[in-house]
$ cat my_file.txt   # compact mmCIF, C-alpha atoms
# COMPACT_ATOMS: atom_id res chain seq x y z
CA MET A 1 56.86 -3.10 -22.51
CA PHE A 2 55.31 -4.50 -25.67
CA ALA A 3 54.05 -7.81 -26.96
CA THR A 4 52.59 -8.81 -30.26
CA HIS A 5 48.84 -9.16 -30.24
CA SER A 6 49.04 -12.59 -31.82
CA ALA A 7 51.41 -13.89 -29.17
CA ARG A 8 49.61 -12.39 -26.25
CA ARG A 9 47.56 -14.78 -24.14
CA GLY A 10 44.87 -13.43 -21.86
CA PRO A 11 43.13 -15.16 -18.98
CA ASN A 12 40.90 -18.16 -19.56
CA ALA A 13 37.75 -17.08 -21.41
CA TRP A 14 35.50 -18.93 -18.97
CA TRP A 15 37.14 -17.12 -16.04
CA VAL A 16 36.55 -13.82 -17.82
CA GLY A 17 32.95 -14.93 -18.41
CA PHE A 18 32.50 -15.66 -14.72
CA VAL A 19 34.11 -12.53 -13.30
CA CYS A 20 32.64 -10.11 -15.83
CA GLY A 21 29.38 -12.05 -15.78
CA MET A 22 29.00 -11.04 -12.16
CA ALA A 23 27.74 -7.76 -13.62
CA THR A 24 24.63 -9.71 -14.59
CA PHE A 25 24.54 -11.26 -11.09
CA VAL A 26 24.60 -7.83 -9.45
CA ASP A 27 22.17 -6.37 -12.03
CA ALA A 28 19.56 -9.10 -11.68
CA GLY A 29 20.07 -9.43 -7.93
CA ALA A 30 19.92 -5.71 -7.21
CA THR A 31 16.99 -4.97 -9.50
CA THR A 32 15.08 -7.83 -7.83
CA ALA A 33 16.19 -7.23 -4.25
CA ILE A 34 15.85 -3.44 -4.09
CA PRO A 35 12.13 -3.43 -4.99
CA ILE A 36 11.64 -6.15 -2.34
CA ALA A 37 13.49 -3.97 0.17
CA LEU A 38 11.23 -1.04 -0.77
CA VAL A 39 8.14 -3.15 -0.02
CA MET A 40 9.71 -3.88 3.38
CA LEU A 41 9.97 -0.11 3.89
CA GLN A 42 6.36 0.39 2.76
CA SER A 43 3.67 1.84 5.03
CA PHE A 44 0.55 -0.33 4.94
CA ALA A 45 -1.73 2.00 6.92
CA PRO A 46 -2.32 5.76 6.86
CA GLY A 47 -0.24 7.57 9.41
CA GLN A 48 2.34 4.81 9.79
CA PRO A 49 5.98 5.63 8.98
CA GLY A 50 7.30 4.30 5.69
CA LEU A 51 6.94 4.64 1.95
CA ASP A 52 3.62 4.89 0.14
CA ALA A 53 2.90 3.19 -3.19
CA SER A 54 3.91 6.26 -5.21
CA ALA A 55 7.27 6.46 -3.39
CA VAL A 56 7.91 2.75 -4.06
CA GLY A 57 7.22 3.34 -7.73
CA ALA A 58 9.34 6.49 -7.86
CA LEU A 59 12.34 4.82 -6.20
CA THR A 60 12.04 1.80 -8.50
CA GLY A 61 11.98 4.26 -11.38
CA VAL A 62 15.12 5.95 -10.00
CA LEU A 63 16.88 2.56 -10.00
CA THR A 64 15.86 1.82 -13.57
CA ALA A 65 16.62 5.32 -14.83
CA GLY A 66 20.04 5.08 -13.19
CA VAL A 67 20.70 1.86 -15.07
CA ALA A 68 19.65 3.61 -18.28
CA ILE A 69 21.97 6.57 -17.75
CA GLY A 70 24.83 4.29 -16.71
CA SER A 71 24.33 2.06 -19.74
CA LEU A 72 24.65 4.95 -22.15
CA LEU A 73 27.68 6.45 -20.42
CA GLY A 74 29.42 3.15 -19.72
CA GLY A 75 29.09 1.92 -23.29
CA VAL A 76 30.56 5.07 -24.82
CA LEU A 77 33.35 5.35 -22.24
CA GLY A 78 34.14 1.65 -22.51
CA ASP A 79 34.74 1.96 -26.25
CA ARG A 80 36.82 5.13 -25.87
CA TRP A 81 38.77 4.56 -22.66
CA GLY A 82 38.83 0.79 -22.44
CA ARG A 83 36.76 -1.92 -20.80
CA ARG A 84 38.89 -2.39 -17.67
CA THR A 85 38.98 1.25 -16.55
CA VAL A 86 35.21 1.59 -16.73
CA PHE A 87 34.20 -1.64 -15.05
CA LEU A 88 36.53 -1.01 -12.10
CA ALA A 89 34.94 2.41 -11.59
CA THR A 90 31.41 1.02 -11.85
CA LEU A 91 31.89 -1.55 -9.10
CA SER A 92 33.07 1.24 -6.82
CA LEU A 93 29.83 3.15 -7.51
CA ILE A 94 27.71 0.08 -6.76
CA THR A 95 29.54 -0.56 -3.49
CA ILE A 96 29.06 3.02 -2.28
CA GLY A 97 25.46 3.24 -3.48
CA ALA A 98 24.37 0.00 -1.81
CA ALA A 99 26.09 1.00 1.44
CA LEU A 100 24.27 4.34 1.80
CA PRO A 101 20.77 2.93 2.59
CA VAL A 102 22.37 0.79 5.29
CA LEU A 103 23.27 4.01 7.08
CA SER A 104 19.85 5.64 6.70
CA SER A 105 16.43 4.86 5.19
CA ALA A 106 15.57 8.54 4.80
CA LEU A 107 14.08 9.26 1.39
CA PRO A 108 16.95 11.51 0.13
CA VAL A 109 19.52 8.88 1.11
CA LEU A 110 17.49 6.16 -0.61
CA VAL A 111 17.29 8.26 -3.78
CA ILE A 112 21.05 8.89 -3.87
CA GLY A 113 22.06 5.34 -2.97
CA ILE A 114 19.65 3.65 -5.36
CA ALA A 115 20.62 6.05 -8.17
CA LEU A 116 24.32 5.23 -7.68
CA VAL A 117 23.59 1.49 -7.75
CA GLY A 118 21.59 1.92 -10.94
CA ILE A 119 24.26 4.02 -12.67
CA GLY A 120 27.00 1.58 -11.63
CA VAL A 121 25.10 -1.49 -12.76
CA GLY A 122 24.11 0.13 -16.05
CA ALA A 123 27.63 1.28 -16.88
CA ASP A 124 29.13 -2.07 -15.93
CA LEU A 125 27.00 -4.27 -18.17
CA PRO A 126 28.02 -3.12 -21.68
CA VAL A 127 31.75 -3.13 -20.98
CA ALA A 128 31.56 -6.44 -19.13
CA LEU A 129 29.75 -8.08 -22.05
CA ALA A 130 32.21 -6.65 -24.56
CA THR A 131 35.10 -8.00 -22.47
CA ILE A 132 33.52 -11.46 -22.38
CA SER A 133 32.79 -11.61 -26.10
CA GLU A 134 36.27 -10.38 -27.03
CA ALA A 135 37.97 -12.92 -24.76
CA ALA A 136 35.98 -15.80 -26.26
CA GLN A 137 36.18 -17.55 -29.63
CA ALA A 138 33.55 -18.34 -32.23
CA ARG A 139 33.11 -21.90 -30.93
CA ASN A 140 32.26 -20.83 -27.38
CA ARG A 141 31.25 -17.15 -27.48
CA GLY A 142 27.53 -17.79 -27.35
CA LYS A 143 27.92 -20.41 -24.64
CA ILE A 144 29.99 -18.12 -22.41
CA LEU A 145 27.53 -15.26 -22.87
CA VAL A 146 24.69 -17.59 -21.90
CA PHE A 147 26.73 -18.76 -18.92
CA SER A 148 27.38 -15.18 -17.80
CA ASN A 149 23.67 -14.45 -18.12
CA LEU A 150 22.90 -17.52 -16.02
CA LEU A 151 24.72 -15.83 -13.17
CA GLY A 152 21.86 -13.37 -13.14
CA GLY A 153 19.63 -16.24 -12.04
CA PHE A 154 21.84 -16.74 -9.01
CA GLY A 155 21.52 -13.03 -8.27
CA ILE A 156 17.75 -13.42 -8.30
CA LEU A 157 18.08 -16.51 -6.10
CA LEU A 158 20.06 -14.53 -3.55
CA ALA A 159 17.40 -11.81 -3.56
CA VAL A 160 14.68 -14.42 -3.01
CA LEU A 161 16.58 -16.12 -0.18
CA LEU A 162 17.08 -12.77 1.50
CA ALA A 163 13.36 -12.00 1.15
CA ILE A 164 12.45 -15.33 2.71
CA ASN A 165 14.76 -14.89 5.66
CA VAL A 166 14.48 -11.18 6.40
CA GLY A 167 11.18 -10.28 4.71
CA ALA A 168 9.34 -9.92 8.02
CA MET A 169 11.99 -7.70 9.62
CA GLY A 170 10.88 -4.43 8.05
CA PRO A 171 13.51 -1.67 7.78
CA ALA A 172 16.16 -3.83 9.47
CA GLY A 173 15.68 -6.51 6.83
CA ALA A 174 15.90 -3.91 4.05
CA ALA A 175 19.22 -2.75 5.49
CA ILE A 176 20.49 -6.34 5.43
CA ILE A 177 19.59 -6.60 1.74
CA PHE A 178 21.46 -3.42 0.85
CA ALA A 179 24.47 -4.44 2.95
CA THR A 180 24.63 -7.83 1.25
CA PHE A 181 24.90 -6.33 -2.22
CA ALA A 182 27.43 -3.74 -1.06
CA GLY A 183 29.63 -6.59 0.17
CA ILE A 184 29.20 -8.59 -3.03
CA ALA A 185 30.08 -5.58 -5.17
CA LEU A 186 33.28 -5.09 -3.19
CA VAL A 187 34.30 -8.75 -3.66
CA VAL A 188 33.59 -8.58 -7.40
CA LEU A 189 35.66 -5.39 -7.61
CA LEU A 190 38.63 -7.30 -6.19
CA LEU A 191 38.06 -10.19 -8.62
CA ARG A 192 37.92 -7.77 -11.54
CA LEU A 193 41.49 -6.71 -10.79
CA THR A 194 42.56 -10.09 -12.25
CA ILE A 195 41.09 -9.25 -15.67
CA PRO A 196 43.42 -7.27 -17.98
CA GLU A 197 42.30 -4.91 -20.70
CA SER A 198 40.73 -6.58 -23.74
CA ALA A 199 43.45 -7.49 -26.25
CA THR A 200 40.99 -6.90 -29.09
CA TRP A 201 40.24 -3.39 -27.84
CA LEU A 202 43.95 -2.64 -27.48
CA ALA A 203 44.58 -3.78 -31.06
CA ALA A 204 41.67 -1.71 -32.36
CA ARG A 205 42.91 1.34 -30.46
CA ASP A 206 46.37 0.83 -31.91
CA GLU A 207 44.98 0.57 -35.45
CA ARG A 208 42.92 3.71 -34.98
CA ARG A 209 45.91 5.66 -33.64
CA ARG A 210 48.00 4.59 -36.65
CA GLY A 211 45.21 5.42 -39.08
CA VAL A 212 44.73 1.79 -40.17
CA ALA A 213 41.23 1.39 -41.60
CA THR A 214 39.72 -1.86 -40.28
CA VAL A 215 36.25 -2.95 -39.27
CA ARG A 216 37.15 -3.23 -35.61
CA ALA A 217 38.79 0.22 -35.50
CA THR A 218 35.57 1.96 -36.57
CA ARG A 219 35.20 5.06 -34.42
CA ALA A 220 32.76 4.86 -31.50
CA GLN A 221 30.20 7.44 -32.64
CA LEU A 222 26.43 7.17 -32.24
CA GLY A 223 26.01 8.43 -35.81
CA GLU A 224 27.37 5.11 -37.07
CA PHE A 225 24.17 3.40 -35.91
CA VAL A 226 21.91 5.28 -38.31
CA GLY A 227 24.10 4.49 -41.32
CA PRO A 228 23.24 1.71 -43.77
CA VAL A 229 25.61 -0.86 -42.24
CA TYR A 230 24.35 -0.94 -38.65
CA ARG A 231 20.90 0.69 -38.80
CA ARG A 232 18.85 -2.50 -39.16
CA PRO A 233 20.32 -4.47 -36.24
CA PHE A 234 20.51 -1.38 -34.02
CA LEU A 235 16.89 -0.31 -34.52
CA THR A 236 15.71 -3.92 -34.26
CA LEU A 237 17.48 -4.42 -30.95
CA ILE A 238 16.26 -1.07 -29.62
CA GLY A 239 12.61 -1.82 -30.39
CA TYR A 240 12.63 -5.50 -29.48
CA TYR A 241 14.46 -5.19 -26.19
CA ALA A 242 12.75 -2.00 -24.96
CA LEU A 243 9.26 -3.48 -25.35
CA ALA A 244 10.25 -6.89 -23.96
CA ALA A 245 12.06 -5.32 -21.00
CA MET A 246 9.06 -3.17 -20.12
CA SER A 247 6.83 -6.22 -19.99
CA VAL A 248 9.26 -8.35 -18.00
CA SER A 249 9.90 -5.57 -15.48
CA VAL A 250 6.36 -5.77 -14.10
CA ALA A 251 6.80 -9.34 -12.88
CA GLY A 252 10.52 -8.95 -12.21
CA SER A 253 10.42 -5.74 -10.21
CA PHE A 254 6.89 -5.87 -8.84
CA GLY A 255 6.23 -9.57 -8.30
CA THR A 256 6.46 -9.15 -4.53
CA PHE A 257 4.31 -6.01 -4.71
CA VAL A 258 1.62 -7.93 -6.62
CA ALA A 259 1.79 -10.86 -4.21
CA VAL A 260 1.41 -8.62 -1.15
CA ASN A 261 -1.01 -5.99 -2.45
CA VAL A 262 -3.10 -7.90 -5.02
CA SER A 263 -2.89 -11.59 -4.04
CA HIS A 264 -2.73 -10.72 -0.31
CA SER A 265 0.20 -12.98 0.41
CA THR A 266 3.27 -12.32 2.54
CA ILE A 267 6.76 -11.49 1.33
CA ALA A 268 8.17 -14.73 2.73
CA GLU A 269 5.36 -16.93 1.37
CA TYR A 270 5.61 -15.59 -2.18
CA ASN A 271 9.39 -15.71 -2.31
CA SER A 272 9.48 -19.20 -0.79
CA TRP A 273 7.69 -20.43 -3.90
CA THR A 274 9.41 -18.27 -6.47
CA ILE A 275 12.71 -19.85 -5.46
CA LEU A 276 11.61 -22.46 -8.01
CA ALA A 277 12.54 -19.90 -10.65
CA MET A 278 16.20 -20.72 -10.04
CA PRO A 279 16.11 -24.32 -11.31
CA ALA A 280 13.87 -23.11 -14.13
CA ALA A 281 16.48 -20.51 -15.08
CA VAL A 282 19.32 -23.04 -14.88
CA VAL A 283 17.50 -25.61 -17.01
CA GLY A 284 16.52 -22.98 -19.58
CA ALA A 285 20.04 -21.53 -19.77
CA LEU A 286 21.78 -24.90 -20.02
CA TRP A 287 19.33 -25.98 -22.70
CA PHE A 288 19.87 -22.77 -24.66
CA MET A 289 23.65 -23.15 -24.36
CA THR A 290 23.40 -26.27 -26.50
CA VAL A 291 21.73 -24.42 -29.40
CA VAL A 292 22.80 -20.76 -29.15
CA ASP A 293 25.76 -21.27 -31.50
CA THR A 294 23.66 -23.22 -34.01
CA LYS A 295 20.92 -22.46 -36.55
CA LEU A 296 18.28 -23.69 -34.09
CA ARG A 297 18.42 -20.65 -31.85
CA MET A 298 15.70 -18.75 -33.76
CA ILE A 299 13.29 -21.67 -33.37
CA TYR A 300 13.89 -21.62 -29.63
CA TYR A 301 13.45 -17.85 -29.66
CA VAL A 302 9.97 -18.19 -31.14
CA VAL A 303 8.94 -20.90 -28.66
CA GLY A 304 10.23 -18.83 -25.76
CA ALA A 305 8.46 -15.68 -26.95
CA ILE A 306 5.10 -17.47 -27.21
CA GLY A 307 5.61 -18.96 -23.76
CA VAL A 308 6.39 -15.60 -22.14
CA VAL A 309 3.31 -13.92 -23.66
CA ILE A 310 0.97 -16.72 -22.58
CA MET A 311 2.38 -16.89 -19.06
CA ASN A 312 1.91 -13.13 -18.58
CA LEU A 313 -1.82 -13.68 -19.14
CA LEU A 314 -2.16 -16.58 -16.68
CA PRO A 315 -2.72 -14.42 -13.54
CA VAL A 316 -5.48 -12.52 -15.39
CA VAL A 317 -7.27 -15.75 -16.28
CA MET A 318 -6.94 -17.08 -12.71
CA ASN A 319 -7.89 -13.81 -10.99
CA PHE A 320 -4.42 -13.24 -9.53
CA SER A 321 -4.50 -16.18 -7.20
CA LEU A 322 -1.12 -16.73 -5.57
CA PRO A 323 -0.50 -20.03 -7.45
CA SER A 324 -1.13 -18.29 -10.79
CA VAL A 325 1.31 -15.46 -9.98
CA ILE A 326 3.96 -17.99 -8.90
CA ILE A 327 3.50 -20.24 -11.94
CA ALA A 328 3.64 -17.24 -14.27
CA THR A 329 6.84 -15.99 -12.64
CA VAL A 330 8.63 -19.34 -12.78
CA ALA A 331 7.48 -20.20 -16.31
CA THR A 332 8.41 -16.76 -17.63
CA VAL A 333 11.94 -17.20 -16.30
CA PHE A 334 12.23 -20.53 -18.12
CA PHE A 335 10.84 -19.35 -21.47
CA GLY A 336 12.71 -16.05 -21.20
CA ALA A 337 16.00 -17.95 -21.30
CA PHE A 338 15.36 -18.52 -25.03
CA CYS A 339 14.06 -15.12 -26.10
CA PHE A 340 15.00 -12.33 -23.75
CA GLU A 341 18.27 -10.97 -22.37
CA THR A 342 20.61 -13.76 -23.39
CA ILE A 343 19.82 -13.73 -27.09
CA MET A 344 19.78 -9.92 -27.07
CA LYS A 345 23.36 -9.93 -25.76
CA VAL A 346 24.48 -12.46 -28.37
CA TRP A 347 22.86 -10.53 -31.22
CA THR A 348 24.37 -7.25 -30.01
CA GLN A 349 27.88 -8.61 -29.59
CA GLU A 350 27.75 -10.18 -33.06
CA SER A 351 26.25 -7.17 -34.84
CA PHE A 352 28.80 -4.44 -34.06
CA PRO A 353 32.61 -4.11 -34.34
CA THR A 354 35.01 -3.61 -31.43
CA MET A 355 34.94 0.18 -31.14
CA LEU A 356 31.14 0.30 -31.42
CA ARG A 357 30.27 -2.81 -29.43
CA ALA A 358 29.99 -1.44 -25.90
CA THR A 359 28.43 1.80 -27.17
CA ALA A 360 25.74 -0.17 -28.98
CA GLN A 361 25.11 -2.40 -25.97
CA GLY A 362 24.91 0.62 -23.70
CA ALA A 363 22.53 2.49 -25.99
CA ILE A 364 20.22 -0.53 -26.25
CA TYR A 365 20.19 -0.91 -22.49
CA ALA A 366 19.69 2.83 -22.00
CA VAL A 367 16.60 3.08 -24.22
CA SER A 368 15.04 0.00 -22.65
CA ARG A 369 15.76 1.17 -19.10
CA PHE A 370 14.43 4.68 -19.68
CA ALA A 371 11.23 3.18 -21.08
CA THR A 372 11.04 0.74 -18.19
CA ALA A 373 11.71 3.50 -15.64
CA ALA A 374 8.79 5.52 -16.99
CA LEU A 375 6.54 2.48 -16.66
CA ASN A 376 7.89 1.56 -13.21
CA ILE A 377 6.99 4.95 -11.76
CA VAL A 378 3.28 4.37 -12.36
CA THR A 379 3.19 0.56 -12.14
CA PRO A 380 2.27 0.26 -8.42
CA THR A 381 -0.60 2.71 -8.83
CA LEU A 382 -1.85 0.99 -11.99
CA LEU A 383 -1.62 -2.43 -10.35
CA LEU A 384 -3.78 -1.26 -7.46
CA LEU A 385 -6.31 0.31 -9.83
CA ASN A 386 -6.67 -2.57 -12.34
CA PRO A 387 -4.10 -5.40 -12.24
CA SER A 388 -5.80 -7.35 -15.04
CA LEU A 389 -5.63 -4.46 -17.50
CA MET A 390 -2.00 -3.88 -16.52
CA TYR A 391 -1.01 -7.49 -17.23
CA VAL A 392 -2.90 -7.59 -20.54
CA GLY A 393 -1.08 -4.41 -21.55
CA VAL A 394 2.37 -5.77 -20.77
CA SER A 395 1.54 -9.00 -22.62
CA LEU A 396 0.80 -6.96 -25.72
CA LEU A 397 4.07 -5.07 -25.27
CA ALA A 398 5.94 -8.37 -25.03
CA ALA A 399 4.26 -9.75 -28.16
CA ALA A 400 5.12 -6.62 -30.15
CA GLY A 401 8.73 -6.65 -28.96
CA PHE A 402 9.32 -10.30 -29.74
CA LEU A 403 7.79 -9.83 -33.19
CA ILE A 404 10.24 -7.01 -33.93
CA GLY A 405 13.14 -9.24 -32.85
CA TRP A 406 11.96 -12.06 -35.10
CA LEU A 407 11.52 -9.76 -38.11
CA GLY A 408 15.00 -8.29 -37.64
CA PHE A 409 16.95 -11.48 -37.05
CA ARG A 410 14.92 -14.27 -38.67
CA ARG A 411 17.53 -14.41 -41.41
CA ARG A 412 21.22 -14.76 -40.67
CA THR A 413 22.83 -11.37 -40.16
CA THR A 414 26.42 -10.19 -40.43
CA ASN A 415 28.70 -11.43 -37.65
CA SER A 416 31.28 -8.76 -36.81
CA PHE A 417 33.57 -11.29 -35.16
CA GLU A 418 33.78 -13.28 -38.39
CA GLU A 419 34.62 -10.09 -40.28
CA GLU A 420 37.32 -9.12 -37.79
CA ASP A 421 38.77 -12.63 -37.70
CA SER A 422 38.98 -12.67 -41.50
CA LEU A 423 41.22 -9.61 -41.60
CA VAL A 424 44.70 -10.09 -42.96
CA ASP A 425 45.99 -9.01 -39.56
CA ALA A 426 49.16 -7.20 -40.33
CA SER A 427 48.29 -4.97 -37.43
CA ASP A 428 48.13 -7.94 -35.08
CA GLU A 429 51.78 -8.66 -35.75
CA ARG A 430 52.79 -5.17 -34.66
CA PRO A 431 53.56 -4.20 -31.08
CA VAL A 432 50.53 -3.58 -28.92
CA PRO A 433 50.94 -2.14 -25.39
CA LEU A 434 50.15 -4.55 -22.57
CA SER A 435 48.08 -1.94 -20.75
CA ALA A 436 45.63 0.72 -21.83
$ encode --input "my_file.txt" --output "structure tokens"
Amino acid sequence: MFATHSARRGPNAWWVGFVCGMATFVDAGATTAIPIALVMLQSFAPGQPGLDASAVGALTGVLTAGVAIGSLLGGVLGDRWGRRTVFLATLSLITIGAALPVLSSALPVLVIGIALVGIGVGADLPVALATISEAAQARNRGKILVFSNLLGGFGILLAVLLAINVGAMGPAGAAIIFATFAGIALVVLLLRLTIPESATWLAARDERRRGVATVRATRAQLGEFVGPVYRRPFLTLIGYYALAAMSVSVAGSFGTFVAVNVSHSTIAEYNSWTILAMPAAVVGALWFMTVVDTKLRMIYYVVGAIGVVIMNLLPVVMNFSLPSVIIATVATVFFGAFCFETIMKVWTQESFPTMLRATAQGAIYAVSRFATAALNIVTPTLLLLNPSLMYVGVSLLAAAGFLIGWLGFRRRTTNSFEEEDSLVDASDERPVPLSA
């Protein structure tokens, strides 16, 4: 059965943004909740059963490394095999991985389960974002990407609510956290069945099979990223996002660890206050939605970058008092809405054509997650040794990363969607299969 690409109508772009944006929900929720669950499994006295600080760091590193590996694989496979096939498989991995620690908290089981969650989340993100951007139009693409990223805030909110309510339950509470995300992943998997393959990807695949040379049919090969056309945006995004992600991961993944081990608070007390990050994230995202598709977005990027760097230094100035850690966490979420993950996704989706888009997104995620994983492994130990030096270091990383992003994108860059839309689309009038 065939239909012309021009006549074909896919699902509503906002529905695609919601369903595929749940990848960000699961990513942000899992990467926030799993480190909290690991603190709940932590042993706070010698001889007591549980994880020590090095095991908490190692398991957090396993999660982040899994996301890195998944990002690289998912991006390449999504460009070669299609978006839909990959993101259905990834949700299955997340469901299985999150269910395993419910059955046992033994270290080998935790390693396997957390690794599967990381790989699934990492592989899901690049293909989900490509699906969203290809379902949208120029007038709303940035807004829908911001909206999908906002769902990550709700994932963090869920993690915080779970920490508040089950944070004092130890291993039983950790099992509840894992079970919750296993259930959510299963529901999202069912919702994803309503999303067909990207019509843009199908058209690009058809052009490539027929030997039609178009921008969007460019072959998905990593070598393309070191060529003159895509080298600048690719290297900019790699450097900017890797450094920024490393800095953000300390507060994002180890905020509860800092509150418990440095500020001497409780899991429930800290997370009861950090729930304020949710309205901060919503306000920041909604605000950025109004400017992301305009020339003002770089101004907001600069303001957000300065805010994130300053807020990372606040706990150092205030000797890691609980209020300073909370304020820094909430404020960083707000300012990060203008300069961190959302704008990275927009820049990436705009900078690369259809058959390179998910590969590029996956590679950018992979490099940043590998770098973050290496840092996460030693972060708990470094925080216990000298938290002030650790926070000053990540502030410098953030400043360097944001500077790279500004240098690379301060001037308007090529928009691949505009190039693809400007094609004299003879190929779009030819039959394109309805399924991959």
$ closest_residue --input "my_file.txt" --among "A:Leu191, A:Val67, A:Ile96, A:Leu313" --to "Thr31 (chain A)" --atoms "only C-alpha atoms"
A:Val67
$ residues_around --input "my_file.txt" --residues "region 151-156 of chain A" --least-positions-apart "6" --cutoff "8 Å" --atoms "only C-alpha atoms" --output "MDAnalysis selection string"
chainID A and resid 18 21:22 24:30 32:33 278 281:282
$ residues_around --input "my_file.txt" --residues "Val102 (chain A)" --least-positions-apart "6" --cutoff "7 Å" --atoms "only C-alpha atoms" --output "NGL selection string"
:A and (175 or 178-179)
$ closest_atom_pairs --input "my_file.txt" --of "region 316-344 of chain A" --to "region 384-388 of chain A" --cutoff "9 Å" --atoms "all atoms listed in the file" --output "tab-separated table"
residue	atom	partner	partner_atom	distance
A:Val316	CA	A:Ser388	CA	5.2
A:Val317	CA	A:Ser388	CA	8.6
A:Asn319	CA	A:Ser388	CA	7.9
A:Phe320	CA	A:Ser388	CA	8.2
$ write_last_selection --input "my_file.txt" --atoms "C-alpha atoms" --output "mmCIF file, keeping the file's coordinate frame"
data_model
loop_
_atom_site.group_PDB
_atom_site.id
_atom_site.type_symbol
_atom_site.label_atom_id
_atom_site.label_comp_id
_atom_site.auth_asym_id
_atom_site.auth_seq_id
_atom_site.Cartn_x
_atom_site.Cartn_y
_atom_site.Cartn_z
ATOM 1 C CA VAL A 316 -5.480 -12.520 -15.390
ATOM 2 C CA VAL A 317 -7.270 -15.750 -16.280
ATOM 3 C CA ASN A 319 -7.890 -13.810 -10.990
ATOM 4 C CA PHE A 320 -4.420 -13.240 -9.530
#
$ closest_atom_pairs --input "my_file.txt" --of "region 46-110 of chain A" --to "region 235-258 of chain A" --cutoff "10 Å" --atoms "only C-alpha atoms" --output "JSON lines"
{"residue": "A:Ala53", "atom": "CA", "partner": "A:Phe257", "partner_atom": "CA", "distance": 9.4}
{"residue": "A:Val56", "atom": "CA", "partner": "A:Phe257", "partner_atom": "CA", "distance": 9.5}
{"residue": "A:Gly57", "atom": "CA", "partner": "A:Phe254", "partner_atom": "CA", "distance": 9.3}
{"residue": "A:Thr60", "atom": "CA", "partner": "A:Ser253", "partner_atom": "CA", "distance": 7.9}
{"residue": "A:Thr64", "atom": "CA", "partner": "A:Ser249", "partner_atom": "CA", "distance": 9.7}
$ residues_around --input "my_file.txt" --residues "region 78-80 of chain A" --least-positions-apart "5" --cutoff "8 Å" --atoms "all atoms listed in the file" --output "VMD selection string"
chain A and resid 85 to 86 126 to 127 201 220 354 to 359
$ closest_residue --input "my_file.txt" --among "A:Ile299, A:Leu116, A:Ser148, A:Gly61" --to "Thr372 (chain A)" --atoms "only C-alpha atoms"
A:Gly61
$ decode --input "my_file.txt" --residues "region 19-31 of chain A" --atoms "C-alpha atoms" --output "CSV table (one decimal), in the first residue's frame"
chain,number,residue,atom,x,y,z
A,19,VAL,CA,4.5,10.8,23.5
A,20,CYS,CA,8.1,10.9,22.3
A,21,GLY,CA,8.9,13.6,24.8
A,22,MET,CA,8.3,11.0,27.5
A,23,ALA,CA,11.8,9.9,26.7
A,24,THR,CA,12.9,13.0,28.4
A,25,PHE,CA,10.5,12.3,31.3
A,26,VAL,CA,12.0,8.9,31.8
A,27,ASP,CA,15.6,10.1,31.3
A,28,ALA,CA,15.3,13.0,33.8
A,29,GLY,CA,13.2,11.0,36.2
A,30,ALA,CA,15.4,7.9,36.2
A,31,THR,CA,18.7,9.7,36.3
